[in-house]
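Notes to accompany the following structure.
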Amino acid sequence: AQTVTQSQPEMSVQEAETVTLSCTYDTSESDYYLFWYKQPPSRQMILVIRQEAYKQQNATENRFSVNFQKAAKSFSLKISDSQLGDAAMYFCAYRSPGSARQLTFGSGTQLTVLP
Amino acid sequence: KAGVTQTPRYLIKTRGQQVTLSCSPISGHRSVSWYQQTPGQGLQFLFEYFSETQRNKGNFPGRFSGRQFSNSRSEMNVSTLELGDSALYLCASSLDATEAFFGQGTRLTVV
């Protein structure tokens with residue numbers, strides 16, 4: 001079974017600064033998907049960024065980028081130019097490519113953005 | 001394009017009662033998954049339906065059940081409610097294995 005670990009329960013960053021959230025996972029599969037989801041106080045899970053394991057290039061979405069280290073099973077999220085609206089709980093998630101569509105989530109990192 | 005719609009948004013039930021939650025996926029999405037989110041256990045997978053068939057099930061007691069209709073709408077049912085069933089229940093729909101899109105959730109409180 002796959003497991004996802006987020007070792008930072010809480011992080012804070014100054015507005016306009018850069019912050020990196022950590023995530024490690026354990027799997028015996030060679031092909032899979034990794035995601036970062038954001039959950040603001042409204043509680044709706046919002047997809048931030050996606051990475052396919054077969055792609056060596058790190059995914060980027062505007063101010064959000066990942067550092068995907070497949071051999072180390074590490075998948076960190078970097079938020080550049082942090083904004084107040086980035087404050088939320090961030091979840092790292094793993095998904096197999098096969099018929100089992102379930103997501104395995106980490107425990108989350110609560111990000112606070114300081115003005 | 002409308003997103004994933006979950007109803008109701010909030011629900012208060014008494015121990016021993018049963019409850020039904022509804023989820024309408026994004027148009028064209030045939031896969032619907034349900035998750036339970038609690039402060040203690042985090043996000044846990046309940047089950048997934050695809051074309052009206054349960055394809056995968058998490059480690060939850062038989063009191064938790066679900067179904068999917070021909071229009072891909074899904075319902076989950078919890079019978080004989082316990083205090084520990086108080087949680088945010090999230091529904092997600094998928095077109096394929098790449099991305100899951102979530103609804104706003106149903107907050108269930110059992111008293």
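We name chains A, B, ... following the order of the structure tokens; residues begin at 1 in each chain, and ligands are numbered from 1 as shown.
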
For Gly85 of chain A, find every residue with an atom within 10 Å (counting only C-alpha atoms), except residues of its own chain fewer than 4 positions away, and show them as a VMD selection string.
chain A and resid 15 40 112 to 113

Sorted per-residue table, chain B near chain A, closest atoms and distance, 10 Å, only C-alpha atoms, as CSV:
```
residue,atom,partner,partner_atom,distance
B:Ser31,CA,A:Arg101,CA,8.2
B:Val32,CA,A:Arg101,CA,9.1
B:Ser33,CA,A:Gln102,CA,7.1
B:Trp34,CA,A:Gln102,CA,8.9
B:Tyr35,CA,A:Leu103,CA,9.1
B:Pro39,CA,A:Ser107,CA,9.5
B:Gly40,CA,A:Ser107,CA,9.6
B:Gln41,CA,A:Ser107,CA,8.4
B:Gly42,CA,A:Ser107,CA,6.0
B:Leu43,CA,A:Phe105,CA,6.3
B:Gln44,CA,A:Thr104,CA,7.6
B:Phe45,CA,A:Gln102,CA,6.7
B:Leu46,CA,A:Gln102,CA,8.9
B:Phe47,CA,A:Gln102,CA,7.9
B:Glu48,CA,A:Gln102,CA,7.1
B:Tyr49,CA,A:Arg101,CA,9.4
B:Phe50,CA,A:Ser99,CA,9.6
B:Arg55,CA,A:Ala100,CA,7.2
B:Asn56,CA,A:Ala100,CA,6.4
B:Lys57,CA,A:Gln102,CA,8.9
B:Gly58,CA,A:Gln102,CA,8.9
B:Leu88,CA,A:Arg43,CA,8.6
B:Leu90,CA,A:Gln44,CA,8.4
B:Cys91,CA,A:Met45,CA,9.9
B:Ala92,CA,A:Met45,CA,9.2
B:Ser93,CA,A:Arg101,CA,9.9
B:Ser94,CA,A:Arg101,CA,8.4
B:Asp96,CA,A:Arg101,CA,8.3
B:Ala97,CA,A:Pro97,CA,5.6
B:Thr98,CA,A:Tyr33,CA,6.8
B:Glu99,CA,A:Arg50,CA,7.9
B:Ala100,CA,A:Leu47,CA,8.0
B:Phe101,CA,A:Leu47,CA,7.3
B:Phe102,CA,A:Met45,CA,5.8
B:Gly103,CA,A:Gln44,CA,6.3
B:Gln104,CA,A:Gln44,CA,4.5
B:Gly105,CA,A:Gln44,CA,6.8
B:Thr106,CA,A:Arg43,CA,9.7
B:Arg107,CA,A:Arg43,CA,9.7
```

Contact residues around Thr5 of chain B with only C-alpha atoms at 7 Å, ignoring same-chain residues under 4 positions, as a list in words
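Contacts, with the query itself left out: Cys23, Ser24, Pro25 and Gly103 of chain B.
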
Just want the 12 Å neighbourhood of segment 80-85 of chain B, counted on only C-alpha atoms, with same-chain residues fewer than 5 positions away dropped. Output as a PyMOL selection string.
chain B and resi 11-20+36-41+60-65+107-111

Give me every strand (DSSP E or B) residue in segment 14-82 of chain A, going by DSSP on the backbone, as number ranges by chain.
A: 14, 19-21, 24-26, 33-39, 46-52, 60-61, 64-69, 74-79
